[in-house]
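Novice: Structure supplied as work_1.cif; contents: mmCIF, C-alpha atoms.
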data_my_file
loop_
_atom_site.group_PDB
_atom_site.id
_atom_site.type_symbol
_atom_site.label_atom_id
_atom_site.label_comp_id
_atom_site.auth_asym_id
_atom_site.auth_seq_id
_atom_site.Cartn_x
_atom_site.Cartn_y
_atom_site.Cartn_z
ATOM 1 C CA MET A 1 62.123 118.328 62.556
ATOM 2 C CA LYS A 2 63.925 120.231 65.247
ATOM 3 C CA ARG A 3 64.528 123.958 64.810
ATOM 4 C CA TRP A 4 68.312 123.772 64.885
ATOM 5 C CA THR A 5 68.573 121.347 61.974
ATOM 6 C CA LEU A 6 67.380 124.167 59.700
ATOM 7 C CA TRP A 7 70.741 125.847 60.274
ATOM 8 C CA VAL A 8 72.820 122.834 59.236
ATOM 9 C CA PRO A 9 72.857 123.622 55.476
ATOM 10 C CA LEU A 10 73.901 127.235 56.172
ATOM 11 C CA ALA A 11 76.667 126.042 58.506
ATOM 12 C CA VAL A 12 77.912 123.593 55.862
ATOM 13 C CA PHE A 13 77.791 126.331 53.211
ATOM 14 C CA LEU A 14 79.769 128.744 55.416
ATOM 15 C CA ALA A 15 82.309 126.022 56.140
ATOM 16 C CA VAL A 16 82.833 125.513 52.385
ATOM 17 C CA VAL A 17 83.178 129.288 51.836
ATOM 18 C CA ALA A 18 85.674 129.514 54.684
ATOM 19 C CA LEU A 19 87.698 126.610 53.259
ATOM 20 C CA ALA A 20 87.758 128.190 49.789
ATOM 21 C CA ALA A 21 88.674 131.632 51.190
ATOM 22 C CA TRP A 22 91.485 130.118 53.224
ATOM 23 C CA ARG A 23 92.967 128.220 50.290
ATOM 24 C CA LEU A 24 92.497 131.073 47.802
ATOM 25 C CA THR A 25 94.115 133.769 49.940
ATOM 26 C CA GLY A 26 97.067 131.641 51.069
ATOM 27 C CA THR A 27 100.370 131.649 49.201
ATOM 28 C CA SER A 28 100.091 129.680 46.000
ATOM 29 C CA GLU A 29 103.772 128.849 46.165
ATOM 30 C CA ALA A 30 103.751 125.145 46.850
ATOM 31 C CA VAL A 31 106.884 123.734 48.381
ATOM 32 C CA VAL A 32 107.378 120.101 47.512
ATOM 33 C CA LYS A 33 109.164 118.450 50.412
ATOM 34 C CA SER A 34 111.265 115.381 49.814
ATOM 35 C CA ALA A 35 109.671 112.218 51.159
ATOM 36 C CA LEU A 36 113.144 110.689 51.363
ATOM 37 C CA VAL A 37 114.008 112.548 54.585
ATOM 38 C CA GLY A 38 114.817 109.899 57.196
ATOM 39 C CA LYS A 39 115.590 107.304 54.545
ATOM 40 C CA PRO A 40 118.873 106.149 53.012
ATOM 41 C CA LEU A 41 120.181 107.780 49.843
ATOM 42 C CA PRO A 42 119.765 105.743 46.670
ATOM 43 C CA GLU A 43 122.818 104.264 44.949
ATOM 44 C CA PHE A 44 124.324 106.632 42.360
ATOM 45 C CA MET A 45 127.551 107.556 40.614
ATOM 46 C CA LEU A 46 128.095 110.908 38.903
ATOM 47 C CA PRO A 47 131.091 111.947 36.783
ATOM 48 C CA ALA A 48 133.145 114.994 37.727
ATOM 49 C CA MET A 49 131.696 118.375 36.763
ATOM 50 C CA VAL A 50 134.944 120.343 36.658
ATOM 51 C CA GLU A 51 138.559 119.408 36.136
ATOM 52 C CA GLY A 52 140.572 118.842 39.279
ATOM 53 C CA LYS A 53 137.583 118.082 41.487
ATOM 54 C CA PRO A 54 136.182 114.582 41.885
ATOM 55 C CA GLY A 55 132.684 113.518 40.878
ATOM 56 C CA LEU A 56 130.235 112.166 43.405
ATOM 57 C CA ASN A 57 128.902 108.770 44.317
ATOM 58 C CA ARG A 58 126.856 107.475 47.189
ATOM 59 C CA ALA A 59 129.825 106.082 49.126
ATOM 60 C CA ASP A 60 131.328 109.608 49.308
ATOM 61 C CA LEU A 61 128.322 110.673 51.392
ATOM 62 C CA ALA A 62 128.522 107.860 53.938
ATOM 63 C CA THR A 63 131.856 108.589 55.568
ATOM 64 C CA GLY A 64 130.774 108.437 59.196
ATOM 65 C CA LYS A 65 130.573 112.229 59.478
ATOM 66 C CA PRO A 66 127.469 114.274 58.580
ATOM 67 C CA ARG A 67 127.852 116.493 55.518
ATOM 68 C CA LEU A 68 125.855 118.709 53.244
ATOM 69 C CA LEU A 69 124.729 117.878 49.731
ATOM 70 C CA ASN A 70 123.972 121.041 47.783
ATOM 71 C CA VAL A 71 121.871 120.910 44.615
ATOM 72 C CA PHE A 72 122.851 123.923 42.511
ATOM 73 C CA ALA A 73 123.408 125.310 39.033
ATOM 74 C CA SER A 74 125.545 128.102 37.616
ATOM 75 C CA TRP A 75 122.439 129.528 35.887
ATOM 76 C CA CYS A 76 120.473 129.746 39.140
ATOM 77 C CA VAL A 77 120.243 133.230 40.643
ATOM 78 C CA PRO A 78 119.371 132.252 44.248
ATOM 79 C CA CYS A 79 122.430 129.983 44.113
ATOM 80 C CA ILE A 80 124.542 133.146 43.840
ATOM 81 C CA ALA A 81 122.689 134.558 46.851
ATOM 82 C CA GLU A 82 123.470 131.528 49.011
ATOM 83 C CA ALA A 83 127.123 131.228 47.951
ATOM 84 C CA PRO A 84 128.454 133.396 50.842
ATOM 85 C CA GLN A 85 126.505 131.287 53.367
ATOM 86 C CA LEU A 86 127.968 128.080 51.957
ATOM 87 C CA MET A 87 131.431 129.655 52.288
ATOM 88 C CA LYS A 88 130.601 130.442 55.934
ATOM 89 C CA LEU A 89 129.538 126.837 56.522
ATOM 90 C CA LYS A 90 132.745 125.620 54.919
ATOM 91 C CA ALA A 91 134.743 127.962 57.159
ATOM 92 C CA ALA A 92 132.908 126.421 60.143
ATOM 93 C CA GLY A 93 134.363 123.055 59.136
ATOM 94 C CA VAL A 94 131.363 121.636 57.307
ATOM 95 C CA GLU A 95 132.123 119.362 54.370
ATOM 96 C CA ILE A 96 129.930 120.185 51.396
ATOM 97 C CA ASP A 97 129.434 118.148 48.240
ATOM 98 C CA ALA A 98 127.299 119.209 45.321
ATOM 99 C CA VAL A 99 125.476 118.114 42.231
ATOM 100 C CA ALA A 100 125.253 120.588 39.344
ATOM 101 C CA ILE A 101 122.051 120.538 37.308
ATOM 102 C CA LYS A 102 121.914 121.156 33.529
ATOM 103 C CA ASP A 103 125.352 122.706 33.519
ATOM 104 C CA THR A 104 128.617 122.852 31.609
ATOM 105 C CA PRO A 105 132.176 122.621 33.024
ATOM 106 C CA GLY A 106 133.032 126.125 31.757
ATOM 107 C CA ALA A 107 129.986 127.751 33.327
ATOM 108 C CA VAL A 108 130.501 125.998 36.666
ATOM 109 C CA LYS A 109 134.184 126.953 36.706
ATOM 110 C CA ALA A 110 133.293 130.608 36.094
ATOM 111 C CA PHE A 111 130.598 130.455 38.789
ATOM 112 C CA LEU A 112 133.033 129.042 41.357
ATOM 113 C CA SER A 113 135.774 131.554 40.622
ATOM 114 C CA ARG A 114 133.323 134.435 40.907
ATOM 115 C CA HIS A 115 131.242 133.354 43.921
ATOM 116 C CA GLY A 116 133.606 131.068 45.837
ATOM 117 C CA ASP A 117 134.089 127.331 45.899
ATOM 118 C CA PRO A 118 132.828 125.617 49.079
ATOM 119 C CA TYR A 119 132.644 122.147 47.485
ATOM 120 C CA ALA A 120 134.755 119.058 48.132
ATOM 121 C CA ARG A 121 133.191 117.233 45.175
ATOM 122 C CA ILE A 122 130.841 118.166 42.376
ATOM 123 C CA GLY A 123 128.894 115.565 40.422
ATOM 124 C CA ASN A 124 127.582 116.342 36.955
ATOM 125 C CA ASP A 125 123.840 115.699 37.247
ATOM 126 C CA TYR A 126 122.840 117.010 33.832
ATOM 127 C CA ASP A 127 119.774 114.745 33.609
ATOM 128 C CA ARG A 128 118.709 115.333 37.233
ATOM 129 C CA ILE A 129 119.131 111.656 38.058
ATOM 130 C CA VAL A 130 120.315 112.336 41.595
ATOM 131 C CA GLN A 131 118.088 115.372 42.051
ATOM 132 C CA ILE A 132 114.946 113.379 41.254
ATOM 133 C CA GLY A 133 116.398 110.353 43.050
ATOM 134 C CA ILE A 134 116.467 112.297 46.320
ATOM 135 C CA GLY A 135 113.113 114.039 45.873
ATOM 136 C CA SER A 136 114.397 117.529 45.126
ATOM 137 C CA SER A 137 112.288 119.652 42.812
ATOM 138 C CA GLY A 138 114.385 122.748 42.237
ATOM 139 C CA VAL A 139 117.628 124.644 42.740
ATOM 140 C CA PRO A 140 119.013 125.468 45.175
ATOM 141 C CA GLU A 141 118.254 122.818 47.741
ATOM 142 C CA THR A 142 120.516 121.510 50.470
ATOM 143 C CA PHE A 143 120.345 118.110 52.132
ATOM 144 C CA VAL A 144 121.890 117.142 55.456
ATOM 145 C CA ILE A 145 123.311 113.630 55.065
ATOM 146 C CA ASP A 146 124.249 111.688 58.188
ATOM 147 C CA GLY A 147 127.376 109.532 58.490
ATOM 148 C CA GLN A 148 125.530 106.453 57.245
ATOM 149 C CA GLY A 149 124.320 108.037 54.005
ATOM 150 C CA ARG A 150 120.829 108.695 55.304
ATOM 151 C CA VAL A 151 118.967 111.919 54.441
ATOM 152 C CA ALA A 152 118.597 113.690 57.780
ATOM 153 C CA ALA A 153 117.073 117.010 56.676
ATOM 154 C CA GLN A 154 116.230 119.109 53.629
ATOM 155 C CA HIS A 155 116.519 122.860 53.157
ATOM 156 C CA ILE A 156 114.477 124.192 50.240
ATOM 157 C CA GLY A 157 115.549 127.423 48.550
ATOM 158 C CA ASP A 158 118.639 129.544 49.111
ATOM 159 C CA ILE A 159 120.418 129.427 52.445
ATOM 160 C CA ARG A 160 120.079 132.794 54.201
ATOM 161 C CA ALA A 161 122.307 134.033 57.015
ATOM 162 C CA GLU A 162 119.662 132.999 59.566
ATOM 163 C CA ASP A 163 119.592 129.446 58.164
ATOM 164 C CA VAL A 164 123.286 128.827 58.872
ATOM 165 C CA PRO A 165 122.827 128.085 62.630
ATOM 166 C CA LYS A 166 119.836 125.848 61.781
ATOM 167 C CA LEU A 167 121.928 123.825 59.335
ATOM 168 C CA LEU A 168 124.798 123.599 61.828
ATOM 169 C CA LYS A 169 122.338 122.293 64.405
ATOM 170 C CA ALA A 170 120.864 119.796 61.912
ATOM 171 C CA LEU A 171 124.395 118.561 61.180
ATOM 172 C CA GLU A 172 125.034 118.239 64.933
ATOM 173 C CA ASP A 173 121.733 116.353 65.382
ATOM 174 C CA ALA A 174 122.644 113.991 62.547
ATOM 175 C CA ARG A 175 125.724 112.795 64.374
ATOM 176 C CA MET B 1 112.244 111.267 11.512
ATOM 177 C CA SER B 2 111.663 107.527 11.639
ATOM 178 C CA LEU B 3 114.616 107.139 9.279
ATOM 179 C CA LEU B 4 116.747 109.192 11.650
ATOM 180 C CA LEU B 5 115.509 107.162 14.580
ATOM 181 C CA GLY B 6 116.187 103.922 12.728
ATOM 182 C CA LEU B 7 119.651 105.175 11.869
ATOM 183 C CA ALA B 8 120.294 106.159 15.471
ATOM 184 C CA LEU B 9 119.205 102.719 16.636
ATOM 185 C CA ALA B 10 121.261 101.021 13.926
ATOM 186 C CA VAL B 11 124.490 102.741 14.943
ATOM 187 C CA GLY B 12 123.683 102.199 18.598
ATOM 188 C CA THR B 13 123.304 105.837 19.614
ATOM 189 C CA PRO B 14 120.919 105.797 22.548
ATOM 190 C CA VAL B 15 117.753 107.801 21.908
ATOM 191 C CA ASP B 16 116.872 110.424 24.481
ATOM 192 C CA LEU B 17 113.816 108.964 26.170
ATOM 193 C CA GLY B 18 112.981 112.372 27.620
ATOM 194 C CA TYR B 19 111.876 113.475 24.163
ATOM 195 C CA SER B 20 111.313 110.286 22.182
ATOM 196 C CA GLN B 21 109.168 107.235 22.572
ATOM 197 C CA ILE B 22 110.240 103.792 23.691
ATOM 198 C CA PRO B 23 110.731 101.742 20.475
ATOM 199 C CA ASP B 24 108.487 99.007 21.932
ATOM 200 C CA ALA B 25 104.956 100.357 21.273
ATOM 201 C CA GLY B 26 103.353 98.340 24.060
ATOM 202 C CA LYS B 27 105.756 99.703 26.653
ATOM 203 C CA GLU B 28 105.398 103.236 25.278
ATOM 204 C CA ALA B 29 101.618 102.975 25.672
ATOM 205 C CA LYS B 30 102.050 101.970 29.312
ATOM 206 C CA ALA B 31 104.553 104.776 29.905
ATOM 207 C CA ALA B 32 102.326 107.354 28.164
ATOM 208 C CA GLU B 33 99.342 106.415 30.295
ATOM 209 C CA LEU B 34 101.439 106.678 33.445
ATOM 210 C CA MET B 35 103.062 109.988 32.463
ATOM 211 C CA GLY B 36 99.641 111.533 31.935
ATOM 212 C CA THR B 37 98.910 110.981 35.628
ATOM 213 C CA LEU B 38 102.207 112.241 37.083
ATOM 214 C CA ARG B 39 102.485 115.835 38.209
ATOM 215 C CA CYS B 40 105.130 118.095 36.765
ATOM 216 C CA LEU B 41 106.731 119.411 39.964
ATOM 217 C CA VAL B 42 107.774 122.810 38.681
ATOM 218 C CA CYS B 43 104.769 123.680 36.519
ATOM 219 C CA GLN B 44 102.167 122.445 39.024
ATOM 220 C CA GLY B 45 98.870 121.768 37.343
ATOM 221 C CA GLN B 46 100.320 120.021 34.302
ATOM 222 C CA SER B 47 101.300 116.409 33.921
ATOM 223 C CA ILE B 48 104.829 115.518 32.849
ATOM 224 C CA ALA B 49 103.334 114.342 29.558
ATOM 225 C CA ASP B 50 101.900 117.837 28.931
ATOM 226 C CA SER B 51 104.785 119.981 30.061
ATOM 227 C CA ASP B 52 107.698 121.204 27.998
ATOM 228 C CA VAL B 53 109.996 122.291 30.847
ATOM 229 C CA ASP B 54 113.270 120.410 31.050
ATOM 230 C CA MET B 55 112.494 118.937 34.451
ATOM 231 C CA ALA B 56 109.401 117.207 33.007
ATOM 232 C CA ALA B 57 111.608 115.741 30.261
ATOM 233 C CA ASP B 58 114.045 114.517 32.901
ATOM 234 C CA MET B 59 111.158 112.835 34.735
ATOM 235 C CA ARG B 60 109.822 111.326 31.479
ATOM 236 C CA ARG B 61 113.301 109.945 30.759
ATOM 237 C CA ILE B 62 113.398 108.207 34.136
ATOM 238 C CA VAL B 63 109.843 106.868 33.748
ATOM 239 C CA ARG B 64 110.499 105.565 30.220
ATOM 240 C CA GLN B 65 113.834 104.019 31.215
ATOM 241 C CA LYS B 66 112.167 102.160 34.065
ATOM 242 C CA ILE B 67 109.227 100.994 31.935
ATOM 243 C CA ALA B 68 111.610 99.982 29.115
ATOM 244 C CA ALA B 69 113.581 97.973 31.682
ATOM 245 C CA GLY B 70 110.403 96.050 32.450
ATOM 246 C CA GLU B 71 109.126 97.743 35.605
ATOM 247 C CA SER B 72 105.368 97.967 36.037
ATOM 248 C CA PRO B 73 103.722 101.423 35.871
ATOM 249 C CA GLU B 74 102.541 101.100 39.468
ATOM 250 C CA ALA B 75 106.081 100.311 40.643
ATOM 251 C CA VAL B 76 107.351 103.440 38.874
ATOM 252 C CA ARG B 77 104.556 105.533 40.413
ATOM 253 C CA GLY B 78 105.483 104.075 43.805
ATOM 254 C CA TRP B 79 109.149 104.973 43.226
ATOM 255 C CA LEU B 80 108.204 108.613 42.623
ATOM 256 C CA ILE B 81 105.785 108.699 45.589
ATOM 257 C CA GLU B 82 108.668 107.448 47.762
ATOM 258 C CA ARG B 83 110.546 110.618 46.771
ATOM 259 C CA TYR B 84 107.907 113.316 46.425
ATOM 260 C CA GLY B 85 104.960 111.977 48.407
ATOM 261 C CA SER B 86 101.530 111.420 46.848
ATOM 262 C CA TYR B 87 101.695 115.033 45.615
ATOM 263 C CA VAL B 88 103.471 113.745 42.520
ATOM 264 C CA THR B 89 100.555 111.615 41.342
ATOM 265 C CA TYR B 90 97.167 112.744 40.040
ATOM 266 C CA ASP B 91 95.811 109.369 41.101
ATOM 267 C CA PRO B 92 96.569 109.487 44.818
ATOM 268 C CA PRO B 93 96.406 106.284 46.835
ATOM 269 C CA LEU B 94 93.667 105.875 49.450
ATOM 270 C CA SER B 95 95.060 107.084 52.776
ATOM 271 C CA TRP B 96 93.884 108.986 55.844
ATOM 272 C CA THR B 97 94.332 112.303 54.060
ATOM 273 C CA THR B 98 92.550 111.251 50.867
ATOM 274 C CA ALA B 99 89.796 109.248 52.589
ATOM 275 C CA PRO B 100 87.455 112.298 52.887
ATOM 276 C CA LEU B 101 87.475 112.579 49.077
ATOM 277 C CA TRP B 102 86.004 109.104 48.807
ATOM 278 C CA LEU B 103 83.819 109.159 51.898
ATOM 279 C CA ALA B 104 82.317 112.669 51.646
ATOM 280 C CA PRO B 105 79.977 111.825 48.710
ATOM 281 C CA LEU B 106 78.671 108.769 50.557
ATOM 282 C CA LEU B 107 78.121 110.805 53.727
ATOM 283 C CA LEU B 108 76.364 113.572 51.769
ATOM 284 C CA LEU B 109 74.155 111.013 50.015
ATOM 285 C CA GLY B 110 73.296 109.494 53.394
ATOM 286 C CA ALA B 111 72.471 112.915 54.832
ATOM 287 C CA GLY B 112 70.286 113.665 51.792
ATOM 288 C CA LEU B 113 68.351 110.429 52.138
ATOM 289 C CA TRP B 114 67.836 111.084 55.853
ATOM 290 C CA LEU B 115 66.521 114.603 55.145
ATOM 291 C CA ALA B 116 64.244 113.325 52.376
ATOM 292 C CA ARG B 117 62.883 110.593 54.628
ATOM 293 C CA GLY B 118 62.015 113.140 57.321
ATOM 294 C CA THR B 119 60.272 115.432 54.836
ATOM 295 C CA LEU B 120 58.290 112.624 53.214
ATOM 296 C CA ARG B 121 57.123 111.343 56.593
ATOM 297 C CA ARG B 122 55.853 114.749 57.591
ATOM 298 C CA ARG B 123 53.965 115.105 54.303
ATOM 299 C CA ARG B 124 52.188 111.793 54.842
ATOM 300 C CA LYS B 125 50.829 112.919 58.219
#
Step by step, read the file and then write its structure as C-alpha cells.
Specialist:
Amino acid sequence: MKRWTLWVPLAVFLAVVALAAWRLTGTSEAVVKSALVGKPLPEFMLPAMVEGKPGLNRADLATGKPRLLNVFASWCVPCIAEAPQLMKLKAAGVEIDAVAIKDTPGAVKAFLSRHGDPYARIGNDYDRIVQIGIGSSGVPETFVIDGQGRVAAQHIGDIRAEDVPKLLKALEDAR
Amino acid sequence: MSLLLGLALAVGTPVDLGYSQIPDAGKEAKAAELMGTLRCLVCQGQSIADSDVDMAADMRRIVRQKIAAGESPEAVRGWLIERYGSYVTYDPPLSWTTAPLWLAPLLLLGAGLWLARGTLRRRRK
C-alpha cells in the first residue's frame, strides 16, 4: 500500500468534523422558501376580512399589472414594523392586496387604523388556505405577483426600509 | 365525544379536520401515515401529526380534506412539495441533492472491501 493512502481516513474524518462544525455554528434559523416562485397562483376565493373592503380571489391578482400580495396578521409584531414600508410602497403607486391569517374583523380594523391601511383588498384566510397554497410558512411575507397571476418573487419576513427599492425593482422586472 | 361527533354529523355541521379524524377509518389511516412524514414548517423537527401549533392543524386540515376527497397520499405529498420543496417531507424523493444519502453507504462499503482486500493480500505474502 502506498504511503499516502494512510492519510485518507484522517482526511475523511477531518472533512466530517468540518462539515459538522460548519452546520452547527451556522444560524439555525431555517428560512423555508416558496417553491411556487415562477409558477402561477392556485385558484382561490377568500371572503372579505373587514367591512367596506373587498375580499380576494385569484382573478384580482391577474389584472395585467404587477402587484404585491402581503401575508399578515394583526397579532404579528413584525407586521407592525413593516407597516410604514408598505405605506411607502403604496405612496409610490404600488397596489397591495393582503390575506389576514387567524384574525378577526375587529382586530384587523384596529390594526389598520393604528398602523395605516395600504391594502386594496383583504381576504380572510383564517385557515391559511391561501398561505399554504402559495408556499408561505409565516407572517409577514410578501409576494410579487406579475400581471398574469404568476408568483414572480417572495420576500420573507418584515419589509425594512432597504427592501423597498428591491421590491420596486422586482415589481418592475415582473412587468 | 363520539356522541357529539355523531350529532355533529347528523345535523350536518362539518367537523374540523384539523383536529378530528376523517369518519372513514381507511382514509384516516392513510392520512395519519402521511401526516407522520410531513414536516411542521414552524416547529421544524416535528411532523404535523406531532405538533400542536395552529399551522400544523391547518396543514392537517388540508391533508385530510384532500385524502377524504379521494386523493392518494403521494399526490398530496407532491402538492406540498410543489409549494415548499422537498423540505416539507421526511421522506424526500431521490434527486441530485439527496443522491449522496443513498450512494454514500455503497461507496463506503466499496472502499472498505477494497481496503480489506489489500490488507488480506499482504498478509498472505
Novice: Give the residues of chain B that lie within 7 Å of chain A; count all atoms listed in the file, and format the answer as a list of chain:residue names.
Specialist: B:Leu41, B:Val42, B:Asp58, B:Glu82, B:Arg83, B:Tyr84, B:Gly85
Novice: The PyMOL selection byres ((chain B and resi 56) around 9) on the file shown: which residues, as a list of chain:residue names?
Specialist: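 Expected selection for the PyMOL selection byres ((chain B and resi 56) around 9) here is B:Gly18, B:Arg39, B:Cys40, B:Leu41, B:Val42, B:Cys43, B:Ser47, B:Ile48, B:Ala49, B:Asp50, B:Ser51, B:Asp52, B:Val53, B:Asp54, B:Met55, B:Ala57, B:Asp58, B:Met59, B:Arg60, B:Arg61.
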Novice: What does the distance between atom CA of Ala116 of chain B and atom CA of Val17 of chain A come to in Å, to one decimal place?
Specialist: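 Atom-to-atom, atom CA of Ala116 of chain B and atom CA of Val17 of chain A are spaced 24.8 Å apart.
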Novice: Residues near Asn70 of chain A, anyone? I mean within 9 Å using all atoms listed in the file, not counting same-chain ones fewer than 2 positions away, as a list in words.
Specialist: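 Contacts, with the query itself left out: Leu68, Phe72, Ile96, Asp97, Ala98, Val99, Ala100, Tyr119, Val139, Pro140, Glu141, Thr142, Phe143 and Val144 of chain A.
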Novice: Selected by the PyMOL selection byres ((chain B and resi 70-80) around 10) in the shown coordinates: which residues, as number ranges by chain?
Specialist: A: 35, 132-135; B: 27, 30-35, 37-38, 59, 62-69, 81-89, 91-93
Novice: Applying 12 Å and all atoms listed in the file, which residues near segment 108-114 of chain B remain after dropping the ones on its own chain fewer than 5 positions away? List them as a tab-separated table (two decimals) with C-alpha atoms, in the coordinates of the input.
Specialist:
chain	number	residue	atom	x	y	z
A	1	MET	CA	62.12	118.33	62.56
A	5	THR	CA	68.57	121.35	61.97
A	8	VAL	CA	72.82	122.83	59.24
A	9	PRO	CA	72.86	123.62	55.48
A	12	VAL	CA	77.91	123.59	55.86
B	100	PRO	CA	87.46	112.30	52.89
B	101	LEU	CA	87.48	112.58	49.08
B	102	TRP	CA	86.00	109.10	48.81
B	103	LEU	CA	83.82	109.16	51.90
B	119	THR	CA	60.27	115.43	54.84
B	120	LEU	CA	58.29	112.62	53.21
B	121	ARG	CA	57.12	111.34	56.59
Novice: Residue by residue, what does the PyMOL selection byres ((chain A and resi 164) around 12) grab here? Present the result as a list of chain:residue names.
Specialist: A:Leu68, A:Glu82, A:Ala83, A:Pro84, A:Gln85, A:Leu86, A:Met87, A:Lys88, A:Leu89, A:Lys90, A:Ala91, A:Ala92, A:Val94, A:Thr142, A:His155, A:Asp158, A:Ile159, A:Arg160, A:Ala161, A:Glu162, A:Asp163, A:Pro165, A:Lys166, A:Leu167, A:Leu168, A:Lys169, A:Ala170, A:Leu171
Novice: Figure out the distance between atom CA of Leu10 of chain A and atom CA of Gly26 of chain A, please, to one decimal in Å.
Specialist: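 Separation of atom CA of Gly26 of chain A and atom CA of Leu10 of chain A: 24.1 Å.
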Novice: My list of candidates is A:Asp173, A:Cys76, A:Leu14, A:Lys2. Which is closest to Ala107 of chain A when distances are computed with all atoms listed in the file?
Specialist: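 Smallest separation from Ala107 of chain A among the options: A:Cys76.
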Novice: Between atom CA of Thr98 of chain B and atom CA of Leu19 of chain A, what is the spacing in Å?
Specialist: 16.3 Å
Novice: Residues near Met45 of chain A, anyone? I mean within 9 Å using all atoms listed in the file, not counting same-chain ones fewer than 6 positions away, as a ChimeraX atom specification.
Specialist: /A:55-59,123,130
